[in-house]
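Novice: Here you go, this is start.txt (compact mmCIF, C-alpha atoms).
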```
# COMPACT_ATOMS: atom_id res chain seq x y z
CA MET A 1 -15.99 -7.07 -17.38
CA THR A 2 -15.67 -4.82 -14.36
CA ASP A 3 -18.11 -1.97 -13.76
CA ASP A 4 -15.53 0.74 -14.35
CA VAL A 5 -14.56 -0.73 -17.74
CA SER A 6 -18.13 -1.10 -18.90
CA ARG A 7 -18.88 2.48 -17.85
CA LEU A 8 -15.82 3.73 -19.68
CA LEU A 9 -16.73 1.87 -22.88
CA GLU A 10 -20.26 3.22 -22.61
CA GLN A 11 -18.94 6.78 -22.27
CA LEU A 12 -16.71 6.23 -25.28
CA GLY A 13 -19.68 4.97 -27.27
CA GLN A 14 -17.93 1.64 -27.84
CA PRO A 15 -20.08 -0.89 -26.01
CA ASP A 16 -19.21 -3.62 -28.54
CA LEU A 17 -15.46 -3.22 -28.15
CA GLU A 18 -13.80 -6.54 -27.45
CA TYR A 19 -12.33 -6.56 -24.00
CA ARG A 20 -10.18 -9.14 -22.36
CA VAL A 21 -8.89 -9.35 -18.81
CA PHE A 22 -5.38 -10.72 -18.69
CA ALA A 23 -4.36 -12.78 -15.71
CA ASP A 24 -1.70 -11.30 -13.48
CA LYS A 25 1.79 -12.23 -14.54
CA VAL A 26 3.85 -14.15 -12.04
CA GLU A 27 6.75 -11.79 -11.67
CA THR A 28 10.08 -11.99 -9.98
CA PRO A 29 10.95 -8.62 -8.50
CA GLY A 30 14.23 -7.05 -9.42
CA TYR A 31 16.99 -7.18 -6.86
CA TRP A 32 17.33 -4.26 -4.45
CA PRO A 33 19.53 -4.61 -1.36
CA ILE A 34 16.76 -3.36 0.93
CA PHE A 35 14.74 -6.50 0.11
CA ARG A 36 17.36 -8.69 1.75
CA LEU A 37 17.25 -6.59 4.93
CA ILE A 38 13.48 -6.72 5.12
CA HIS A 39 13.27 -10.47 4.50
CA ALA A 40 15.88 -11.15 7.17
CA HIS A 41 14.39 -8.78 9.78
CA PRO A 42 13.45 -10.75 12.91
CA ALA A 43 10.37 -8.59 13.57
CA LEU A 44 8.87 -9.80 10.28
CA ALA A 45 9.63 -13.48 10.79
CA ARG A 46 5.95 -14.26 11.38
CA LEU A 47 4.87 -12.97 7.97
CA PRO A 48 3.91 -15.66 5.43
CA GLY A 49 6.73 -14.90 2.97
CA ALA A 50 9.53 -14.13 5.44
CA GLN A 51 12.79 -16.09 5.09
CA ARG A 52 11.30 -18.12 2.27
CA ARG A 53 13.11 -16.19 -0.38
CA SER A 54 16.84 -16.60 -0.85
CA TYR A 55 18.71 -13.97 -2.78
CA PRO A 56 21.78 -14.82 -4.83
CA ALA A 57 24.98 -12.91 -4.20
CA GLU A 58 25.05 -9.38 -5.55
CA ARG A 59 23.78 -9.59 -9.08
CA ALA A 60 25.28 -7.63 -11.93
CA ALA A 61 23.02 -5.13 -13.64
CA PRO A 62 20.93 -7.22 -16.01
CA SER A 63 21.21 -6.75 -19.79
CA GLY A 64 22.26 -3.13 -19.72
CA GLU A 65 19.15 -1.88 -17.93
CA GLY A 66 21.17 0.30 -15.60
CA TRP A 67 23.58 1.68 -18.20
CA SER A 68 23.62 5.32 -19.09
CA GLY A 69 22.57 6.39 -22.57
CA ALA A 70 26.18 6.71 -23.86
CA ASP A 71 27.19 3.34 -22.40
CA ARG A 72 24.14 1.66 -23.91
CA ARG A 73 25.01 2.98 -27.38
CA VAL A 74 28.55 1.53 -27.29
CA GLY A 75 27.58 -1.73 -25.66
CA GLY A 76 28.64 -1.41 -22.06
CA PRO A 77 29.88 0.80 -19.26
CA GLY A 78 33.28 2.33 -19.89
CA LYS A 79 33.54 1.23 -23.52
CA LEU A 80 32.73 4.72 -24.71
CA PHE A 81 36.18 5.94 -23.64
CA ARG A 82 38.05 2.64 -23.78
CA ARG A 83 37.62 2.32 -27.55
CA TYR A 84 39.82 5.38 -28.23
CA GLY A 85 42.88 3.47 -27.01
CA GLU A 86 42.10 0.23 -28.75
CA ALA A 87 43.29 1.32 -32.23
CA GLN A 88 46.88 2.08 -31.11
CA ALA A 89 47.33 -0.57 -28.46
CA PRO A 90 48.42 -4.08 -29.44
CA ALA A 91 45.86 -6.76 -29.04
CA ALA A 92 45.74 -7.90 -25.47
CA PRO A 93 46.57 -11.57 -24.89
CA GLU A 94 43.64 -13.80 -24.12
CA PRO A 95 43.26 -14.12 -20.38
CA GLU A 96 44.20 -17.51 -19.10
CA ALA A 97 41.51 -19.68 -17.73
CA PRO A 98 41.57 -19.80 -13.95
CA SER A 99 43.23 -22.91 -12.65
CA ASP A 100 43.42 -24.52 -9.28
CA ASP A 101 46.73 -26.10 -10.14
CA ILE A 102 49.24 -24.55 -7.75
CA ARG A 103 52.20 -25.61 -9.92
CA GLY A 104 50.72 -23.83 -12.92
CA LEU A 105 50.18 -20.71 -10.85
CA LEU A 106 53.82 -20.71 -9.64
CA ARG A 107 55.04 -21.26 -13.19
CA ARG A 108 53.05 -18.29 -14.47
CA LEU A 109 54.37 -16.10 -11.67
CA SER A 110 57.97 -17.02 -12.46
CA GLU A 111 57.66 -16.25 -16.21
CA MET B 1 -16.64 -4.05 14.56
CA ILE B 2 -13.77 -1.67 15.26
CA VAL B 3 -11.21 -1.32 12.46
CA LEU B 4 -8.00 0.58 13.17
CA PHE B 5 -6.19 2.34 10.33
CA HIS B 6 -2.58 2.98 11.10
CA SER B 7 0.67 3.11 9.22
CA PRO B 8 4.24 2.84 10.44
CA LYS B 9 5.08 5.60 7.94
CA GLY B 10 3.34 8.97 7.64
CA GLY B 11 2.23 10.41 4.32
CA VAL B 12 1.10 7.15 2.75
CA GLY B 13 -2.55 8.22 2.50
CA THR B 14 -3.95 6.43 5.55
CA SER B 15 -6.72 9.01 6.12
CA ALA B 16 -7.75 8.94 2.46
CA VAL B 17 -7.88 5.16 2.48
CA ALA B 18 -9.86 5.09 5.76
CA ALA B 19 -12.30 7.73 4.48
CA ASN B 20 -12.88 6.10 1.10
CA LEU B 21 -13.41 2.69 2.68
CA ALA B 22 -15.88 4.31 5.10
CA LEU B 23 -17.75 5.76 2.10
CA VAL B 24 -17.93 2.54 0.11
CA LEU B 25 -19.03 0.62 3.22
CA ALA B 26 -21.77 3.23 3.76
CA GLU B 27 -22.92 2.80 0.16
CA ARG B 28 -23.27 -0.92 0.93
CA GLY B 29 -25.75 0.00 3.64
CA VAL B 30 -23.37 -0.43 6.57
CA PHE B 31 -23.74 1.98 9.49
CA VAL B 32 -20.28 3.54 9.60
CA THR B 33 -18.72 5.73 12.23
CA ALA B 34 -15.34 7.27 11.41
CA VAL B 35 -13.21 8.44 14.32
CA ASP B 36 -10.35 10.85 13.64
CA LEU B 37 -7.59 10.52 16.23
CA THR B 38 -4.95 12.23 14.10
CA GLY B 39 -5.84 15.72 15.24
CA GLN B 40 -5.45 16.90 11.65
CA GLY B 41 -9.06 16.77 10.49
CA ALA B 42 -8.02 15.03 7.30
CA LEU B 43 -10.60 12.30 7.66
CA ALA B 44 -13.59 14.67 7.35
CA LEU B 45 -11.94 16.46 4.46
CA CYS B 46 -11.36 13.14 2.66
CA LEU B 47 -15.05 12.40 3.14
CA GLY B 48 -15.87 15.57 1.25
CA ASP B 49 -16.64 17.85 4.18
CA SER B 50 -16.04 21.49 3.37
CA SER B 51 -17.69 23.25 6.23
CA GLY B 52 -16.78 21.49 9.44
CA VAL B 53 -19.53 20.30 11.71
CA ILE B 54 -22.68 19.70 9.70
CA ASP B 55 -25.11 18.23 12.12
CA ARG B 56 -24.55 19.21 15.73
CA SER B 57 -27.89 17.76 16.77
CA ARG B 58 -26.23 14.35 16.95
CA GLN B 59 -23.96 14.51 19.91
CA ALA B 60 -22.16 11.54 21.34
CA GLU B 61 -20.90 11.70 24.89
CA GLY B 62 -19.99 15.36 24.49
CA ASP B 63 -17.93 14.73 21.33
CA ALA B 64 -19.00 16.65 18.26
CA ALA B 65 -20.43 14.21 15.74
CA MET B 66 -21.33 15.09 12.18
CA ILE B 67 -22.76 13.19 9.28
CA VAL B 68 -20.71 13.48 6.11
CA ALA B 69 -21.76 11.63 2.97
CA GLY B 70 -23.63 9.05 5.02
CA VAL B 71 -20.78 8.48 7.46
CA ARG B 72 -20.91 9.61 11.07
CA VAL B 73 -17.67 11.40 11.87
CA MET B 74 -16.33 11.88 15.36
CA ALA B 75 -13.20 13.76 16.32
CA PRO B 76 -12.52 13.55 20.05
CA GLY B 77 -10.78 16.66 21.28
CA ALA B 78 -7.21 16.64 22.42
CA ASP B 79 -8.39 17.15 26.01
CA ARG B 80 -10.17 13.79 26.14
CA THR B 81 -8.61 11.15 28.31
CA ALA B 82 -7.79 7.75 26.91
CA ALA B 83 -10.66 6.18 28.86
CA GLU B 84 -13.14 8.74 27.46
CA ILE B 85 -12.00 8.06 23.90
CA VAL B 86 -12.37 4.30 24.38
CA ALA B 87 -15.82 4.76 25.96
CA ALA B 88 -16.98 7.00 23.09
CA ILE B 89 -15.76 4.54 20.46
CA GLN B 90 -17.36 1.59 22.22
CA SER B 91 -20.65 3.48 22.55
CA HIS B 92 -20.77 3.84 18.76
CA GLU B 93 -19.97 0.20 18.29
CA ASP B 94 -22.75 -0.91 20.61
CA GLU B 95 -25.48 1.12 18.88
CA ASP B 96 -25.74 -1.28 15.99
CA GLY B 97 -24.50 -4.83 16.07
CA ASP B 98 -23.33 -4.93 12.44
CA GLY B 99 -21.95 -1.40 12.26
CA VAL B 100 -18.33 -0.57 11.57
CA VAL B 101 -16.25 1.92 13.53
CA ILE B 102 -13.27 3.12 11.51
CA VAL B 103 -10.53 4.71 13.60
CA ASP B 104 -7.84 6.78 11.90
CA ILE B 105 -4.68 6.85 14.05
CA GLY B 106 -1.67 9.04 13.32
CA SER B 107 1.47 7.17 12.32
CA GLY B 108 3.39 8.37 15.37
CA ASP B 109 0.60 7.77 17.89
CA ARG B 110 1.75 4.51 19.40
CA HIS B 111 -0.21 5.25 22.60
CA ALA B 112 -3.62 5.33 20.87
CA LEU B 113 -2.73 2.22 18.90
CA ASP B 114 -1.77 0.25 22.01
CA LEU B 115 -4.90 1.48 23.77
CA LEU B 116 -7.31 0.44 21.03
CA LEU B 117 -5.65 -2.70 19.68
CA PRO B 118 -7.23 -5.00 22.29
CA LEU B 119 -10.71 -3.71 21.31
CA ALA B 120 -10.24 -3.92 17.55
CA ALA B 121 -11.40 -6.67 15.23
CA LEU B 122 -8.91 -5.57 12.60
CA ARG B 123 -5.83 -3.45 12.32
CA LEU B 124 -5.22 -2.30 8.75
CA CYS B 125 -1.72 -1.01 8.05
CA VAL B 126 -1.42 1.18 4.99
CA LEU B 127 1.82 1.02 3.00
CA THR B 128 3.00 2.51 -0.25
CA PRO B 129 5.46 0.81 -2.63
CA ASP B 130 8.45 3.00 -1.81
CA PRO B 131 11.68 2.29 0.10
CA ALA B 132 10.84 4.52 3.08
CA ALA B 133 7.55 2.74 3.74
CA LEU B 134 9.28 -0.61 3.25
CA ALA B 135 11.97 0.31 5.78
CA ALA B 136 9.25 1.22 8.30
CA LEU B 137 7.49 -2.16 7.93
CA PRO B 138 9.24 -3.82 10.92
CA LEU B 139 7.73 -1.13 13.18
CA VAL B 140 4.31 -2.74 12.63
CA TYR B 141 5.33 -5.69 14.75
CA ARG B 142 7.36 -3.81 17.32
CA ASP B 143 6.11 -4.58 20.83
CA VAL B 144 3.04 -6.37 19.46
CA GLN B 145 2.14 -9.68 21.00
CA ALA B 146 2.13 -12.61 18.60
CA THR B 147 -1.43 -13.45 19.64
CA ARG B 148 -2.60 -10.20 18.01
CA ASP B 149 -0.87 -10.81 14.71
CA ASP B 150 -3.98 -12.42 13.27
CA ARG B 151 -5.80 -9.08 13.43
CA THR B 152 -3.14 -7.27 11.44
CA PHE B 153 -3.63 -6.93 7.69
CA PHE B 154 -2.11 -4.64 5.10
CA LEU B 155 -3.31 -2.37 2.32
CA LEU B 156 -0.94 -1.30 -0.41
CA ASN B 157 -1.80 2.21 -1.57
CA ARG B 158 -0.77 4.19 -4.69
CA VAL B 159 0.38 1.18 -6.67
CA ASP B 160 1.70 2.13 -10.10
CA ASP B 161 3.19 -0.70 -12.13
CA ARG B 162 4.65 1.71 -14.69
CA LEU B 163 7.46 2.61 -12.30
CA ARG B 164 10.19 -0.01 -12.00
CA LEU B 165 11.08 0.40 -8.33
CA GLY B 166 7.46 0.68 -7.23
CA ARG B 167 6.56 -2.40 -9.26
CA ASP B 168 9.42 -4.37 -7.72
CA ILE B 169 8.51 -3.32 -4.17
CA ALA B 170 4.83 -4.13 -4.74
CA THR B 171 5.75 -7.57 -6.10
CA MET B 172 8.11 -8.19 -3.19
CA LEU B 173 5.44 -7.12 -0.67
CA ARG B 174 2.82 -9.38 -2.26
CA GLY B 175 5.18 -12.32 -1.73
CA LEU B 176 6.19 -11.27 1.78
CA LEU B 177 2.74 -10.44 3.11
CA GLY B 178 0.88 -13.29 1.41
CA ASP B 179 -2.71 -13.50 2.66
CA ARG B 180 -1.99 -10.68 5.11
CA LEU B 181 -2.30 -8.29 2.16
CA LEU B 182 -6.00 -7.46 2.12
CA GLY B 183 -5.86 -5.43 -1.06
CA THR B 184 -4.08 -2.94 -3.27
CA ILE B 185 -5.23 0.48 -4.40
CA ARG B 186 -3.97 1.80 -7.69
CA ARG B 187 -2.37 5.23 -7.88
CA ASP B 188 -5.13 7.47 -9.13
CA GLU B 189 -5.04 11.24 -9.50
CA ALA B 190 -8.79 11.32 -9.01
CA VAL B 191 -8.32 10.68 -5.27
CA GLY B 192 -6.49 13.97 -4.77
CA GLU B 193 -8.63 15.79 -7.31
CA ALA B 194 -11.83 14.78 -5.50
CA LEU B 195 -10.26 16.09 -2.30
CA ALA B 196 -9.45 19.39 -3.96
CA MET B 197 -12.98 19.61 -5.34
CA LEU B 198 -14.42 18.91 -1.86
CA GLU B 199 -16.33 15.99 -3.29
CA THR B 200 -16.41 12.30 -2.63
CA LEU B 201 -14.52 10.08 -5.05
CA ALA B 202 -17.77 8.42 -6.16
CA SER B 203 -19.38 11.72 -7.07
CA PHE B 204 -16.29 13.27 -8.66
CA ALA B 205 -14.97 10.28 -10.61
CA PRO B 206 -17.42 7.37 -10.68
CA ALA B 207 -15.16 5.42 -13.07
CA SER B 208 -12.07 5.92 -10.90
CA ALA B 209 -9.70 2.95 -10.72
CA ALA B 210 -9.02 3.61 -7.05
CA LEU B 211 -12.75 3.66 -6.32
CA ALA B 212 -13.10 0.19 -7.86
CA ASP B 213 -10.24 -0.97 -5.64
CA PHE B 214 -11.87 0.52 -2.53
CA ARG B 215 -15.11 -1.25 -3.40
CA ALA B 216 -13.29 -4.56 -3.86
CA ILE B 217 -11.63 -4.22 -0.46
CA ALA B 218 -14.93 -3.24 1.19
CA GLY B 219 -16.43 -6.40 -0.28
CA ARG B 220 -13.80 -8.42 1.54
CA LEU B 221 -14.49 -6.61 4.81
CA VAL B 222 -18.28 -6.73 4.75
CA PRO B 223 -20.40 -8.79 2.33
CA GLU B 224 -22.87 -6.74 0.29
CA ARG B 225 -26.34 -6.42 1.74
CA ALA B 226 -29.40 -6.82 -0.44
CA ASP B 227 -30.99 -3.69 1.00
CA ALA B 228 -27.96 -1.50 0.41
CA ALA B 229 -28.87 2.16 -0.08
CA GLN B 230 -27.27 4.34 -2.70
CA PRO B 231 -24.63 6.67 -1.29
CA GLU B 232 -25.55 10.23 -0.63
CA ARG B 233 -23.79 12.59 -2.96
CA GLY B 234 -21.74 15.38 -1.44
CA ILE B 235 -22.52 16.29 2.12
CA ALA B 236 -25.59 15.07 3.95
```
When written as structure tokens, how does the structure in this file appear?
Specialist:
Amino acid sequence: MTDDVSRLLEQLGQPDLEYRVFADKVETPGYWPIFRLIHAHPALARLPGAQRRSYPAERAAPSGEGWSGADRRVGGPGKLFRRYGEAQAPAAPEPEAPSDDIRGLLRRLSE
Amino acid sequence: MIVLFHSPKGGVGTSAVAANLALVLAERGVFVTAVDLTGQGALALCLGDSSGVIDRSRQAEGDAAMIVAGVRVMAPGADRTAAEIVAAIQSHEDEDGDGVVIVDIGSGDRHALDLLLPLAALRLCVLTPDPAALAALPLVYRDVQATRDDRTFFLLNRVDDRLRLGRDIATMLRGLLGDRLLGTIRRDEAVGEALAMLETLASFAPASAALADFRAIAGRLVPERADAAQPERGIA
């Protein structure tokens, strides 16, 4: 128990309170574009963690964290307004799976 | 031992960090001299000085020296030449072999930094977990010889893991700086409140989280001495 915690418990009159120090979590920081610039900066190449980290391509906002309150309530950005048109519009066809077959692509274009 | 405090970004609390580390080193029984080269007088204020020069009987090479909360404070005037400033700092260092001279350098004062870097045992760069400080990080290594990198360490000030961006930047910096990160100081209102009360952090908020962090960092700088004296409260 650190000194500051023991002093605090003493001031609170709770010296017998059970206290546990949790180990630091190993965290992965969220993605911010400035991180990529800093990691790639040549002036910082001599730092221990420079260039060691590789960032994936631009990541989408994870699990709705960046959505506004209205978007979060309806399940995603834009759905708040999109749903008004869904009742009248016919069901959209299922998008075709992407294919590398050039003949298939030409056939779809000609239809 | 000369320790330079400097940040590539102003407003990150360099003077407060330098002053509080000076205080906790003094409470460990270390003879500490704090030199303010910022020209702002913030160092003495952060030490709890409310009335300017306290003890003019202790003069050093014509520079006004005062004792604040057990720390000798020196603020060379703007008219001092670079050589005079270096001589005054070295004279303090030579008085006691195991003393610490803490030098607070303004963020824009590249000249003083270049002048004193060859003399210093350590250069401590203070950062805060915000994008502006992060963007200024490359300036730390601008024009610095690789042979002096081993003296450069970092302190992360005002860390608050409740804020998402700050938490992410702090985590990123821990990974980037590795063992160059000497310590982190939690964001603590008591630091500013002690300043406003013209008191030291130890006297105003003995249970302060930031104070515990300062003590932990001081322990890494200088091992605790068995004959350590208790810090003087307020102004000596």
Novice: May I ask which of the residues B:Ala26, B:Leu115, B:Ala83, B:Ala132 is the closest one to chain A, counting all atoms listed in the file?
Specialist: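 For chain A, the nearest of the given residues is B:Ala132.
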Novice: Identify which of the residues A:Pro42, A:Gly13, A:Pro48, A:Pro29 lies closest to Arg164 of chain B, counting only C-alpha atoms when measuring atom-to-atom distances.
Specialist: A:Pro29
Novice: Using only C-alpha atoms and a cut-off of 8 Å, which residues of chain B sit close to chain A? Please list them as a PyMOL selection string.
Specialist: chain B and resi 131+134-135+138-139+141-142+167-169+171-172+175-180+206-209+212
Novice: Between B:Ile102, B:Ala22, B:Val17, B:Val68, which has the minimum distance to Arg186 of chain B (counting all atoms listed in the file)?
Specialist: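 Result for the nearest residue to Arg186 of chain B: B:Val17.
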